[in-house]
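The file run.pdb comes next; it holds PDB, C-alpha atoms.
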ATOM      1  CA  MET A 293      50.278  13.809  -9.034
ATOM      2  CA  GLN A 294      53.331  12.237  -7.400
ATOM      3  CA  THR A 295      55.172  12.252 -10.728
ATOM      4  CA  LYS A 296      54.291  15.922 -11.290
ATOM      5  CA  ASN A 297      55.480  16.895  -7.795
ATOM      6  CA  ASN A 298      58.772  15.053  -8.235
ATOM      7  CA  SER A 299      59.325  16.751 -11.593
ATOM      8  CA  LEU A 300      58.631  20.198 -10.162
ATOM      9  CA  LYS A 301      61.016  19.554  -7.275
ATOM     10  CA  LEU A 302      63.829  18.505  -9.596
ATOM     11  CA  ILE A 303      63.256  21.427 -11.962
ATOM     12  CA  LEU A 304      63.134  23.859  -9.053
ATOM     13  CA  GLY A 305      66.270  22.260  -7.636
ATOM     14  CA  GLY A 306      68.093  22.715 -10.926
ATOM     15  CA  VAL A 307      66.973  26.345 -11.207
ATOM     16  CA  LEU A 308      68.001  27.155  -7.617
ATOM     17  CA  ILE A 309      71.384  25.388  -7.763
ATOM     18  CA  SER A 310      72.114  27.183 -11.048
ATOM     19  CA  ALA A 311      71.188  30.496  -9.420
ATOM     20  CA  ALA A 312      73.332  29.723  -6.365
ATOM     21  CA  LEU A 313      76.408  28.905  -8.467
ATOM     22  CA  THR A 314      75.860  32.066 -10.511
ATOM     23  CA  ALA A 315      75.611  34.054  -7.269
ATOM     24  CA  VAL A 316      78.933  32.586  -6.088
ATOM     25  CA  ILE A 317      80.534  33.853  -9.296
ATOM     26  CA  GLY A 318      78.889  37.258  -8.895
ATOM     27  CA  PHE A 319      80.100  37.739  -5.325
ATOM     28  CA  THR A 320      83.630  36.394  -5.757
ATOM     29  CA  ALA A 321      84.422  38.169  -9.038
ATOM     30  CA  ALA A 322      84.803  41.567  -7.328
ATOM     31  CA  SER A 323      88.423  40.699  -6.508
ATOM     32  CA  LEU A 324      89.328  40.085 -10.153
ATOM     33  CA  THR A 325      89.973  43.785 -10.780
ATOM     34  CA  ARG A 326      93.602  43.160  -9.754
ATOM     35  CA  PHE A 327      94.189  41.404 -13.090
ATOM     36  CA  GLU A 328      95.075  43.454 -16.177
ATOM     37  CA  ILE A 329      93.006  42.277 -19.135
ATOM     38  CA  VAL A 330      93.091  43.085 -22.849
ATOM     39  CA  GLY A 331      89.656  44.744 -22.904
ATOM     40  CA  HIS A 332      87.559  45.567 -25.954
ATOM     41  CA  THR A 333      89.548  45.904 -29.181
ATOM     42  CA  VAL A 334      87.924  44.534 -32.358
ATOM     43  CA  PRO A 335      84.837  42.327 -32.867
ATOM     44  CA  PHE A 336      85.310  38.675 -31.858
ATOM     45  CA  ALA A 337      88.604  39.417 -30.104
ATOM     46  CA  TYR A 338      87.640  38.219 -26.638
ATOM     47  CA  PRO A 339      88.245  41.071 -24.155
ATOM     48  CA  TRP A 340      88.533  39.044 -20.922
ATOM     49  CA  ARG A 341      92.083  37.771 -21.393
ATOM     50  CA  LEU A 342      95.229  38.638 -19.499
ATOM     51  CA  VAL A 343      97.546  41.132 -21.160
ATOM     52  CA  GLU A 344     100.490  39.032 -19.969
ATOM     53  CA  ARG A 345      99.896  35.360 -20.628
ATOM     54  CA  SER A 346     100.331  33.021 -17.690
ATOM     55  CA  ASP A 347     101.480  29.431 -18.157
ATOM     56  CA  MET A 348      99.751  28.393 -14.939
ATOM     57  CA  ALA A 349      96.479  29.950 -16.112
ATOM     58  CA  ARG A 350      96.625  28.044 -19.386
ATOM     59  CA  ILE A 351      97.646  24.735 -17.788
ATOM     60  CA  THR A 352      94.982  24.870 -15.062
ATOM     61  CA  ALA A 353      92.219  26.003 -17.442
ATOM     62  CA  TRP A 354      92.901  23.234 -19.957
ATOM     63  CA  LEU A 355      93.440  20.612 -17.263
ATOM     64  CA  GLY A 356      90.208  21.593 -15.505
ATOM     65  CA  TYR A 357      88.226  21.574 -18.746
ATOM     66  CA  ILE A 358      89.611  18.220 -19.952
ATOM     67  CA  LEU A 359      89.091  16.463 -16.599
ATOM     68  CA  HIS A 360      85.584  17.913 -16.251
ATOM     69  CA  ASN A 361      84.658  16.807 -19.766
ATOM     70  CA  LEU A 362      86.176  13.313 -19.547
ATOM     71  CA  ILE A 363      84.626  12.495 -16.163
ATOM     72  CA  VAL A 364      81.178  13.613 -17.322
ATOM     73  CA  TRP A 365      81.562  11.618 -20.537
ATOM     74  CA  GLY A 366      82.577   8.601 -18.473
ATOM     75  CA  LEU A 367      79.504   8.890 -16.271
ATOM     76  CA  ILE A 368      77.248   9.243 -19.308
ATOM     77  CA  TRP A 369      78.847   6.116 -20.794
ATOM     78  CA  TYR A 370      78.302   4.136 -17.588
ATOM     79  CA  ALA A 371      74.697   5.354 -17.401
ATOM     80  CA  LYS A 372      73.986   4.267 -20.980
ATOM     81  CA  ARG A 373      75.662   0.905 -20.449
ATOM     82  CA  GLU A 374      73.242   0.135 -17.604
ATOM     83  CA  LYS A 375      70.259   0.850 -19.896
ATOM     84  CA  PRO A 376      68.007   1.956 -17.034
ATOM     85  CA  LYS A 377      64.359   2.866 -17.432
ATOM     86  CA  TYR A 378      63.182   6.456 -17.100
ATOM     87  CA  THR A 379      61.978   6.996 -13.531
ATOM     88  CA  ASN A 380      60.878   9.785 -11.224
ATOM     89  CA  ASN A 381      63.806   9.144  -8.886
ATOM     90  CA  LEU A 382      67.477   9.937  -9.289
ATOM     91  CA  HIS A 383      69.855   7.113 -10.202
ATOM     92  CA  TRP A 384      73.357   6.867  -8.734
ATOM     93  CA  PHE A 385      74.821   8.411 -11.909
ATOM     94  CA  ASN A 386      72.463  11.412 -11.621
ATOM     95  CA  TRP A 387      73.856  12.153  -8.166
ATOM     96  CA  ALA A 388      77.382  11.594  -9.467
ATOM     97  CA  LEU A 389      76.830  13.996 -12.365
ATOM     98  CA  ILE A 390      75.336  16.620 -10.055
ATOM     99  CA  GLY A 391      78.271  16.347  -7.643
ATOM    100  CA  VAL A 392      80.967  16.347 -10.339
ATOM    101  CA  ASN A 393      79.489  19.354 -12.138
ATOM    102  CA  ILE A 394      79.155  21.399  -8.933
ATOM    103  CA  LEU A 395      82.731  20.479  -7.945
ATOM    104  CA  PHE A 396      84.209  21.543 -11.290
ATOM    105  CA  ALA A 397      82.027  24.663 -11.424
ATOM    106  CA  LEU A 398      83.569  25.769  -8.133
ATOM    107  CA  LEU A 399      87.056  24.684  -9.222
ATOM    108  CA  HIS A 400      86.789  26.999 -12.217
ATOM    109  CA  VAL A 401      85.800  29.832  -9.896
ATOM    110  CA  ALA A 402      88.919  29.119  -7.804
ATOM    111  CA  GLN A 403      91.072  28.792 -10.933
ATOM    112  CA  THR A 404      89.885  32.209 -12.126
ATOM    113  CA  GLN A 405      90.579  33.741  -8.723
ATOM    114  CA  LEU A 406      94.161  32.457  -8.796
ATOM    115  CA  TRP A 407      95.147  32.791 -12.473
ATOM    116  CA  TYR A 408      92.167  34.420 -14.250
ATOM    117  CA  ASP A 409      92.413  33.128 -17.837
ATOM    118  CA  GLY A 410      90.080  30.506 -19.203
ATOM    119  CA  LEU A 411      90.516  28.786 -22.566
ATOM    120  CA  ALA A 412      90.039  32.096 -24.386
ATOM    121  CA  GLN A 413      93.770  32.765 -24.410
ATOM    122  CA  ASP A 414      94.323  29.887 -26.863
ATOM    123  CA  VAL A 415      91.139  29.535 -28.944
ATOM    124  CA  PRO A 416      88.938  32.129 -30.721
ATOM    125  CA  GLU A 417      85.627  33.319 -29.304
ATOM    126  CA  VAL A 418      83.675  31.895 -32.224
ATOM    127  CA  THR A 419      84.391  28.378 -30.927
ATOM    128  CA  ALA A 420      82.540  29.097 -27.672
ATOM    129  CA  LEU A 421      79.636  30.735 -29.495
ATOM    130  CA  GLY A 422      79.605  27.914 -32.018
ATOM    131  CA  SER A 423      79.573  25.117 -29.446
ATOM    132  CA  VAL A 424      76.302  26.360 -27.935
ATOM    133  CA  ALA A 425      74.818  27.192 -31.346
ATOM    134  CA  VAL A 426      75.526  23.665 -32.629
ATOM    135  CA  MET A 427      73.929  22.207 -29.494
ATOM    136  CA  LEU A 428      70.733  24.202 -30.095
ATOM    137  CA  MET A 429      70.590  23.118 -33.739
ATOM    138  CA  ILE A 430      71.064  19.449 -32.856
ATOM    139  CA  ILE A 431      68.167  19.806 -30.389
ATOM    140  CA  ILE A 432      65.945  20.785 -33.339
ATOM    141  CA  ILE A 433      66.942  17.565 -35.138
ATOM    142  CA  LEU A 434      66.431  15.518 -31.981
ATOM    143  CA  GLU A 435      62.938  16.938 -31.466
ATOM    144  CA  THR A 436      61.797  16.718 -35.091
ATOM    145  CA  PRO A 437      60.118  13.284 -34.795
ATOM    146  CA  ARG A 438      57.993  14.645 -31.916
ATOM    147  CA  ARG A 439      57.099  18.183 -32.993
ATOM    148  CA  GLY A 440      58.026  18.435 -36.670
ATOM    149  CA  LEU A 441      60.735  20.518 -38.307
ATOM    150  CA  ILE A 442      58.779  23.611 -39.331
ATOM    151  CA  PHE A 443      55.128  24.588 -38.739
ATOM    152  CA  GLY A 444      54.685  21.203 -37.073
ATOM    153  CA  LYS A 445      55.252  19.395 -40.382
ATOM    154  CA  LYS A 446      57.108  16.124 -40.056
ATOM    155  CA  PHE A 447      60.359  15.652 -41.915
ATOM    156  CA  LYS A 448      61.404  12.034 -42.258
ATOM    157  CA  PHE A 449      65.114  11.929 -41.525
ATOM    158  CA  HIS A 450      66.852   8.642 -42.234
ATOM    159  CA  THR A 451      66.265   6.286 -39.293
ATOM    160  CA  ALA A 452      69.997   5.728 -38.804
ATOM    161  CA  PHE A 453      70.572   9.498 -38.676
ATOM    162  CA  ILE A 454      68.062   9.978 -35.864
ATOM    163  CA  GLU A 455      69.483   6.975 -34.014
ATOM    164  CA  ILE A 456      72.988   8.460 -34.169
ATOM    165  CA  VAL A 457      71.727  11.813 -32.858
ATOM    166  CA  LYS A 458      69.836  10.089 -30.025
ATOM    167  CA  LYS A 459      72.776   7.893 -29.097
ATOM    168  CA  TYR A 460      75.484  10.557 -29.038
ATOM    169  CA  HIS A 461      73.723  13.868 -28.349
ATOM    170  CA  GLY A 462      74.472  13.633 -24.612
ATOM    171  CA  TYR A 463      78.213  13.551 -25.253
ATOM    172  CA  LEU A 464      77.980  16.469 -27.705
ATOM    173  CA  PHE A 465      75.870  18.599 -25.372
ATOM    174  CA  ALA A 466      78.155  17.896 -22.409
ATOM    175  CA  TRP A 467      81.181  18.934 -24.452
ATOM    176  CA  ALA A 468      79.461  22.082 -25.787
ATOM    177  CA  ILE A 469      78.386  23.449 -22.437
ATOM    178  CA  ILE A 470      81.508  22.437 -20.459
ATOM    179  CA  TYR A 471      83.735  23.925 -23.153
ATOM    180  CA  ASP A 472      81.737  27.149 -23.113
ATOM    181  CA  TYR A 473      81.944  27.313 -19.310
ATOM    182  CA  TRP A 474      85.721  26.876 -19.160
ATOM    183  CA  TYR A 475      86.263  29.209 -22.110
ATOM    184  CA  HIS A 476      85.384  32.251 -19.994
ATOM    185  CA  PRO A 477      86.922  33.419 -16.733
ATOM    186  CA  THR A 478      84.247  33.618 -14.029
ATOM    187  CA  ALA A 479      83.825  37.380 -14.341
ATOM    188  CA  ASN A 480      80.688  39.147 -13.129
ATOM    189  CA  THR A 481      79.630  41.312 -16.060
ATOM    190  CA  PHE A 482      75.937  40.984 -16.828
ATOM    191  CA  GLY A 483      76.721  39.030 -19.977
ATOM    192  CA  HIS A 484      78.956  36.591 -18.125
ATOM    193  CA  LEU A 485      76.438  35.989 -15.351
ATOM    194  CA  MET A 486      73.581  35.402 -17.796
ATOM    195  CA  GLY A 487      75.783  33.041 -19.782
ATOM    196  CA  PHE A 488      76.908  31.112 -16.714
ATOM    197  CA  TYR A 489      73.334  30.784 -15.491
ATOM    198  CA  TYR A 490      72.361  29.338 -18.878
ATOM    199  CA  ASN A 491      75.388  27.005 -18.703
ATOM    200  CA  PHE A 492      74.282  25.702 -15.320
ATOM    201  CA  LEU A 493      70.682  25.172 -16.463
ATOM    202  CA  ILE A 494      71.852  23.052 -19.409
ATOM    203  CA  ILE A 495      74.258  21.178 -17.132
ATOM    204  CA  ALA A 496      71.343  20.465 -14.774
ATOM    205  CA  GLN A 497      69.393  19.036 -17.708
ATOM    206  CA  SER A 498      72.323  16.839 -18.738
ATOM    207  CA  ALA A 499      72.691  15.557 -15.170
ATOM    208  CA  LEU A 500      69.063  14.334 -15.202
ATOM    209  CA  ILE A 501      69.501  11.669 -17.886
ATOM    210  CA  PHE A 502      67.111   8.727 -17.557
ATOM    211  CA  ASN A 503      64.879  10.807 -15.312
ATOM    212  CA  ARG A 504      61.440  11.791 -16.626
ATOM    213  CA  VAL A 505      62.244  15.472 -16.127
ATOM    214  CA  HIS A 506      64.830  15.095 -18.899
ATOM    215  CA  LEU A 507      61.905  14.610 -21.305
ATOM    216  CA  ASN A 508      59.531  17.207 -19.820
ATOM    217  CA  LYS A 509      58.344  19.267 -22.797
ATOM    218  CA  TYR A 510      57.836  22.476 -20.824
ATOM    219  CA  TRP A 511      61.264  22.274 -19.182
ATOM    220  CA  THR A 512      63.045  21.505 -22.471
ATOM    221  CA  PHE A 513      61.136  24.307 -24.217
ATOM    222  CA  PHE A 514      62.240  26.731 -21.486
ATOM    223  CA  LEU A 515      65.872  25.680 -21.957
ATOM    224  CA  GLU A 516      65.683  26.202 -25.728
ATOM    225  CA  ALA A 517      63.838  29.512 -25.468
ATOM    226  CA  PHE A 518      66.140  30.892 -22.756
ATOM    227  CA  VAL A 519      68.725  31.673 -25.433
ATOM    228  CA  LEU A 520      66.381  34.478 -26.555
ATOM    229  CA  ILE A 521      66.466  36.060 -23.093
ATOM    230  CA  HIS A 522      70.222  35.585 -22.867
ATOM    231  CA  GLY A 523      71.018  36.944 -26.338
ATOM    232  CA  VAL A 524      68.750  39.990 -26.089
ATOM    233  CA  SER A 525      69.717  41.028 -22.567
ATOM    234  CA  VAL A 526      73.440  40.708 -23.240
ATOM    235  CA  ALA A 527      73.142  42.733 -26.460
ATOM    236  CA  ILE A 528      71.175  45.506 -24.716
ATOM    237  CA  PHE A 529      73.459  45.737 -21.696
ATOM    238  CA  GLN A 530      76.523  45.819 -23.947
ATOM    239  CA  GLY A 531      74.964  48.681 -25.902
ATOM    240  CA  GLN A 532      74.701  46.704 -29.143
ATOM    241  CA  ALA A 533      72.155  48.046 -31.636
ATOM    242  CA  PHE A 534      71.263  44.682 -33.178
ATOM    243  CA  TRP A 535      69.369  43.224 -30.208
ATOM    244  CA  GLN A 536      66.319  42.979 -32.480
ATOM    245  CA  MET A 537      68.072  40.317 -34.549
ATOM    246  CA  PHE A 538      68.389  38.115 -31.454
ATOM    247  CA  ALA A 539      64.925  38.924 -30.113
ATOM    248  CA  PHE A 540      62.988  38.290 -33.309
ATOM    249  CA  GLY A 541      65.390  35.746 -34.803
ATOM    250  CA  PHE A 542      65.100  33.424 -31.805
ATOM    251  CA  GLY A 543      61.445  34.417 -31.502
ATOM    252  CA  ALA A 544      60.925  33.228 -35.072
ATOM    253  CA  MET A 545      62.367  29.838 -34.123
ATOM    254  CA  ILE A 546      59.767  29.557 -31.369
ATOM    255  CA  VAL A 547      56.943  30.356 -33.796
ATOM    256  CA  LEU A 548      58.299  28.251 -36.652
ATOM    257  CA  THR A 549      59.353  25.163 -34.717
ATOM    258  CA  GLN A 550      59.577  25.099 -30.942
ATOM    259  CA  MET A 551      56.005  25.936 -29.932
ATOM    260  CA  TYR A 552      54.750  22.878 -31.823
ATOM    261  CA  GLY A 553      56.100  20.646 -29.077
ATOM    262  CA  LEU A 554      53.895  22.163 -26.379
ATOM    263  CA  GLY A 555      50.582  20.648 -27.424
ATOM    264  CA  LEU A 556      48.932  24.033 -28.022
ATOM    265  CA  SER A 557      45.586  24.344 -29.761
ATOM    266  CA  THR A 558      45.458  25.450 -33.393
ATOM    267  CA  TRP A 559      44.024  28.833 -32.406
ATOM    268  CA  ALA A 560      46.727  29.363 -29.781
ATOM    269  CA  LYS A 561      49.454  28.674 -32.344
ATOM    270  CA  ARG A 562      47.822  30.975 -34.881
ATOM    271  CA  GLY A 563      47.445  33.678 -32.248
ATOM    272  CA  LEU A 564      51.104  33.442 -31.276
ATOM    273  CA  ALA A 565      52.204  33.560 -34.919
ATOM    274  CA  ILE A 566      50.032  36.591 -35.729
ATOM    275  CA  GLY A 567      51.070  38.336 -32.518
ATOM    276  CA  PHE A 568      54.732  37.707 -33.335
ATOM    277  CA  LEU A 569      54.356  39.187 -36.826
ATOM    278  CA  VAL A 570      52.533  42.279 -35.535
ATOM    279  CA  ILE A 571      55.054  42.939 -32.757
ATOM    280  CA  THR A 572      58.022  42.323 -35.071
ATOM    281  CA  VAL A 573      56.886  44.633 -37.864
ATOM    282  CA  GLY A 574      55.634  47.195 -35.352
ATOM    283  CA  THR A 575      58.956  47.299 -33.511
ATOM    284  CA  TYR A 576      61.030  47.723 -36.683
ATOM    285  CA  ALA A 577      58.601  50.407 -37.931
ATOM    286  CA  PHE A 578      58.691  52.263 -34.612
ATOM    287  CA  MET A 579      62.501  52.225 -34.630
ATOM    288  CA  GLY A 580      62.607  53.343 -38.264
ATOM    289  CA  ARG A 581      64.384  50.118 -39.298
ATOM    290  CA  LEU A 582      61.892  48.470 -41.660
ATOM    291  CA  GLY A 583      64.707  48.162 -44.201
ATOM    292  CA  ALA A 584      66.525  45.866 -41.773
ATOM    293  CA  LEU A 585      63.559  43.515 -41.327
ATOM    294  CA  ASN A 586      65.567  40.780 -43.060
ATOM    295  CA  GLU A 587      67.481  40.378 -39.763
ATOM    296  CA  VAL A 588      64.560  38.334 -38.473
ATOM    297  CA  ILE A 589      65.195  35.442 -40.863
ATOM    298  CA  ARG A 590      68.974  35.227 -40.372
ATOM    299  CA  ILE A 591      68.955  32.936 -37.340
ATOM    300  CA  PRO A 592      66.248  30.583 -38.748
ATOM    301  CA  VAL A 593      68.047  30.410 -42.114
ATOM    302  CA  ILE A 594      71.371  29.570 -40.431
ATOM    303  CA  ASP A 595      69.693  26.939 -38.245
ATOM    304  CA  TYR A 596      67.885  25.173 -41.089
ATOM    305  CA  LEU A 597      70.890  25.397 -43.434
ATOM    306  CA  PHE A 598      73.081  23.782 -40.770
ATOM    307  CA  ILE A 599      70.521  21.033 -40.172
ATOM    308  CA  PHE A 600      70.282  20.130 -43.860
ATOM    309  CA  ALA A 601      74.043  20.486 -44.332
ATOM    310  CA  ILE A 602      74.778  17.992 -41.558
ATOM    311  CA  TYR A 603      72.006  15.720 -42.820
ATOM    312  CA  GLY A 604      73.418  15.950 -46.351
ATOM    313  CA  LEU A 605      76.844  15.005 -44.998
ATOM    314  CA  PHE A 606      75.307  11.983 -43.270
ATOM    315  CA  LEU A 607      73.557  10.897 -46.494
ATOM    316  CA  LEU A 608      76.813  11.230 -48.440
ATOM    317  CA  ILE A 609      78.780   9.170 -45.912
ATOM    318  CA  ASN A 610      75.973   6.621 -45.700
ATOM    319  CA  TRP A 611      75.907   6.309 -49.521
ATOM    320  CA  ILE A 612      79.687   5.785 -49.663
ATOM    321  CA  VAL A 613      79.564   3.161 -46.889
ATOM    322  CA  ASN A 614      76.746   1.284 -48.618
ATOM    323  CA  LEU A 615      78.599   1.527 -51.935
ATOM    324  CA  PHE A 616      81.648  -0.207 -50.462
ATOM    325  CA  LYS A 617      79.434  -2.807 -48.783
ATOM    326  CA  ARG A 618      77.894  -3.713 -52.151
ATOM    327  CA  LYS A 619      81.195  -3.970 -54.033
ATOM    328  CA  PRO A 620      82.376  -7.318 -52.583
ATOM    329  CA  GLN A 621      78.969  -8.868 -53.358
ATOM    330  CA  THR A 622      79.077  -7.490 -56.891
ATOM    331  CA  ALA A 623      82.595  -8.845 -57.393
ATOM    332  CA  LEU A 624      81.513 -12.263 -56.060
ATOM    333  CA  ASN A 625      78.540 -12.428 -58.397
ATOM    334  CA  SER A 626      80.634 -11.461 -61.430
ATOM    335  CA  GLY A 627      83.141 -14.153 -60.580
ATOM    336  CA  THR A 628      80.545 -16.914 -60.674
ATOM    337  CA  ASP A 629      79.228 -16.121 -64.157
TER
END
Can you present the structure in this file as structure tokens?
Amino acid sequence: MQTKNNSLKLILGGVLISAALTAVIGFTAASLTRFEIVGHTVPFAYPWRLVERSDMARITAWLGYILHNLIVWGLIWYAKREKPKYTNNLHWFNWALIGVNILFALLHVAQTQLWYDGLAQDVPEVTALGSVAVMLMIIIILETPRRGLIFGKKFKFHTAFIEIVKKYHGYLFAWAIIYDYWYHPTANTFGHLMGFYYNFLIIAQSALIFNRVHLNKYWTFFLEAFVLIHGVSVAIFQGQAFWQMFAFGFGAMIVLTQMYGLGLSTWAKRGLAIGFLVITVGTYAFMGRLGALNEVIRIPVIDYLFIFAIYGLFLLINWIVNLFKRKPQTALNSGTD
């Protein structure tokens, strides 16, 4: 009971701090109307950039991002070096990570207020979208030994591959979410606020390393599934017609993979799968878009293709490394004949 109460307190704390930081952005962003931005032009040309580039904006955005990322990486490295056990209490590095992330979150708010531009002035929008997408796909790999890859079926990745993912995923996730945060100015459109809230939730999770909450299956499921809420709501509020692709594409990932980590009964899983199919087909039929039903499989196909592509790359590199390791032994044996 004590463990459960501690977990709930930490989760609630992460949710509330994330909401508070998002609220700070929402309230302070009203003054940003004094900046002249590019606005909507063509797809994937990020609208929230200054018309006139500012050297100070670029310097402060990159400096803030790099310092934020390096300090967090350093704290993760120190935490791993100590090899602590998972506990219900916060370690010194948990408090340090919480403090550093809050400090840099507020510094980015101040940086936006003074100079507006984030990293978007120098790098394309697809890099920010891609950083979060890659993080979500690596989570699937990381969770495969526990919940299976698809329909709960185990897929035996090479042991060294899983060990690499386990060892370095914290650094990758920290980079992905910090990069995404500093990419955007702290504007208060609905899409920005939803995105920042998601950023802060993931940052809260990363700050709780070596705490049992970090492994809580319901909390981690919520963090994975939240991308559905984020993607759908942003698409609807921006007037985009393809919100169904996000809703049912991410929904398909829940039914195909993510729900198998929750310990649900067989009948519960079957019920969710059947309910998902009925709602999906019914929605597309109601909207007269049955011909576009293939949208549902796009996100799962991309996710699984990425997973097997990165695994294939690992196997190739591993084969080459082993090939070179065997060559000296082969040469030695041939020389003794």
Mind checking which residues fall within 8 Å of region 348-352 of chain A, counting all atoms listed in the file, ignoring those fewer than 3 positions away in the same chain, and posting them as a tab-separated table (two decimals) with C-alpha atoms, keeping the file's coordinate frame?
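Generated output (around.tsv):
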chain	number	residue	atom	x	y	z
A	345	ARG	CA	99.90	35.36	-20.63
A	355	LEU	CA	93.44	20.61	-17.26
A	356	GLY	CA	90.21	21.59	-15.50
A	403	GLN	CA	91.07	28.79	-10.93
A	407	TRP	CA	95.15	32.79	-12.47
A	408	TYR	CA	92.17	34.42	-14.25
A	409	ASP	CA	92.41	33.13	-17.84
A	410	GLY	CA	90.08	30.51	-19.20
A	411	LEU	CA	90.52	28.79	-22.57
A	413	GLN	CA	93.77	32.76	-24.41
Of A:Leu564, A:Ala496, A:Ala425, A:Gly462, the one sitting nearest Ile591 (chain A) when using all atoms listed in the file is A:Ala425
Step by step, work through what the PyMOL selection byres ((chain A and resi 509-512) around 10) selects in the shown file, and finish by giving those residues as a compact mmCIF listing (two decimals) with C-alpha atoms, in the frame of the given file.
# COMPACT_ATOMS: atom_id res chain seq x y z
CA SER A 299 59.32 16.75 -11.59
CA LEU A 300 58.63 20.20 -10.16
CA ILE A 303 63.26 21.43 -11.96
CA ILE A 431 68.17 19.81 -30.39
CA ILE A 494 71.85 23.05 -19.41
CA GLN A 497 69.39 19.04 -17.71
CA VAL A 505 62.24 15.47 -16.13
CA HIS A 506 64.83 15.10 -18.90
CA LEU A 507 61.90 14.61 -21.30
CA ASN A 508 59.53 17.21 -19.82
CA PHE A 513 61.14 24.31 -24.22
CA PHE A 514 62.24 26.73 -21.49
CA LEU A 515 65.87 25.68 -21.96
CA GLU A 516 65.68 26.20 -25.73
CA ALA A 517 63.84 29.51 -25.47
CA PHE A 518 66.14 30.89 -22.76
CA GLN A 550 59.58 25.10 -30.94
CA MET A 551 56.00 25.94 -29.93
CA GLY A 553 56.10 20.65 -29.08
CA LEU A 554 53.90 22.16 -26.38
CA GLY A 555 50.58 20.65 -27.42
Evaluating the PyMOL selection byres ((chain A and resi 342) around 7) on the displayed file yields which residues, as a PDB file with C-alpha atoms, in the coordinates of the input?
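What follows is the written file expr.pdb:
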ATOM      1  CA  GLU A 328      95.075  43.454 -16.177  1.00  0.00           C
ATOM      2  CA  ILE A 329      93.006  42.277 -19.135  1.00  0.00           C
ATOM      3  CA  VAL A 330      93.091  43.085 -22.849  1.00  0.00           C
ATOM      4  CA  TRP A 340      88.533  39.044 -20.922  1.00  0.00           C
ATOM      5  CA  ARG A 341      92.083  37.771 -21.393  1.00  0.00           C
ATOM      6  CA  VAL A 343      97.546  41.132 -21.160  1.00  0.00           C
ATOM      7  CA  GLU A 344     100.490  39.032 -19.969  1.00  0.00           C
ATOM      8  CA  ARG A 345      99.896  35.360 -20.628  1.00  0.00           C
ATOM      9  CA  ASP A 409      92.413  33.128 -17.837  1.00  0.00           C
TER      10      ASP A 409
END
Which of these, A:Phe482, A:Gln536, A:Asn386, A:Ala322, has the shortest distance to Gly574 (chain A) once you count all atoms listed in the file?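 Among the listed residues, the smallest separation from Gly574 (chain A) belongs to A:Gln536.
The spacing separating CA of Leu441 (chain A) from CA of Thr572 (chain A) amounts to 22.2 Å.
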With a distance cut-off of 10 Å and all atoms listed in the file, select the neighbouring residues of Arg590 (chain A), excluding the residue or stretch itself and same-chain residues fewer than 2 positions from it, and output the selection as a list of chain:residue names.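 Result of the neighbour search: A:Met537, A:Phe538, A:Phe540, A:Gly541, A:Phe542, A:Ala544, A:Leu585, A:Asn586, A:Glu587, A:Val588, A:Pro592, A:Val593, A:Ile594, A:Asp595.
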What do you get, as a PyMOL selection string, if you spell out every residue that the PyMOL selection byres ((chain A and resi 596) around 12) selects here? chain A and resi 426+428-433+441-442+545+548-549+589-595+597-604
Enclosing box along x, y and z for every listed atom of region 413-431 of chain A, padded 5 Å each side, centre and size in Å, one decimal, as JSON:
{"center_x": 81.2, "center_y": 26.4, "center_z": -29.1, "size_x": 36.2, "size_y": 23.9, "size_z": 19.3}
Can you tell me which residues surround Thr419 (chain A) at a distance of at most 12 Å, considering all atoms listed in the file, apart from same-chain residues fewer than 3 positions away, and format the answer as a list of chain:residue names?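 The residues satisfying every condition are A:Phe336, A:Ala337, A:Tyr338, A:Leu411, A:Ala412, A:Asp414, A:Val415, A:Pro416, A:Gly422, A:Ser423, A:Val424, A:Ala425, A:Val426, A:Trp467, A:Ala468, A:Ile469, A:Tyr471, A:Asp472, A:Tyr473, A:Trp474, A:Tyr475, A:His476.
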Separating CA of Trp369 (chain A) from CA of Phe385 (chain A), to the nearest tenth of an Å, is a gap of 10.0 Å
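Across the model, the gap from CA of Trp354 (chain A) to CA of Lys458 (chain A) is 28.4 Å.
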Kindly add N, CA, C and O atoms to the incomplete region 493-497 of chain A and provide the output as a JSON list (two decimals), keeping the file's coordinate frame.
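Saved to result.json:
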[["chain", "number", "residue", "atom", "x", "y", "z"],
["A", 493, "LEU", "N", 71.99, 25.76, -16.17],
["A", 493, "LEU", "CA", 70.68, 25.17, -16.46],
["A", 493, "LEU", "C", 70.82, 23.99, -17.42],
["A", 493, "LEU", "O", 70.20, 22.94, -17.23],
["A", 494, "ILE", "N", 71.64, 24.14, -18.46],
["A", 494, "ILE", "CA", 71.85, 23.05, -19.41],
["A", 494, "ILE", "C", 72.58, 21.89, -18.73],
["A", 494, "ILE", "O", 72.28, 20.71, -18.96],
["A", 495, "ILE", "N", 73.55, 22.22, -17.87],
["A", 495, "ILE", "CA", 74.26, 21.18, -17.13],
["A", 495, "ILE", "C", 73.29, 20.42, -16.23],
["A", 495, "ILE", "O", 73.37, 19.18, -16.10],
["A", 496, "ALA", "N", 72.36, 21.13, -15.61],
["A", 496, "ALA", "CA", 71.34, 20.46, -14.77],
["A", 496, "ALA", "C", 70.52, 19.49, -15.61],
["A", 496, "ALA", "O", 70.24, 18.37, -15.18],
["A", 497, "GLN", "N", 70.15, 19.92, -16.81],
["A", 497, "GLN", "CA", 69.39, 19.04, -17.71],
["A", 497, "GLN", "C", 70.21, 17.79, -18.07],
["A", 497, "GLN", "O", 69.69, 16.66, -18.06]]
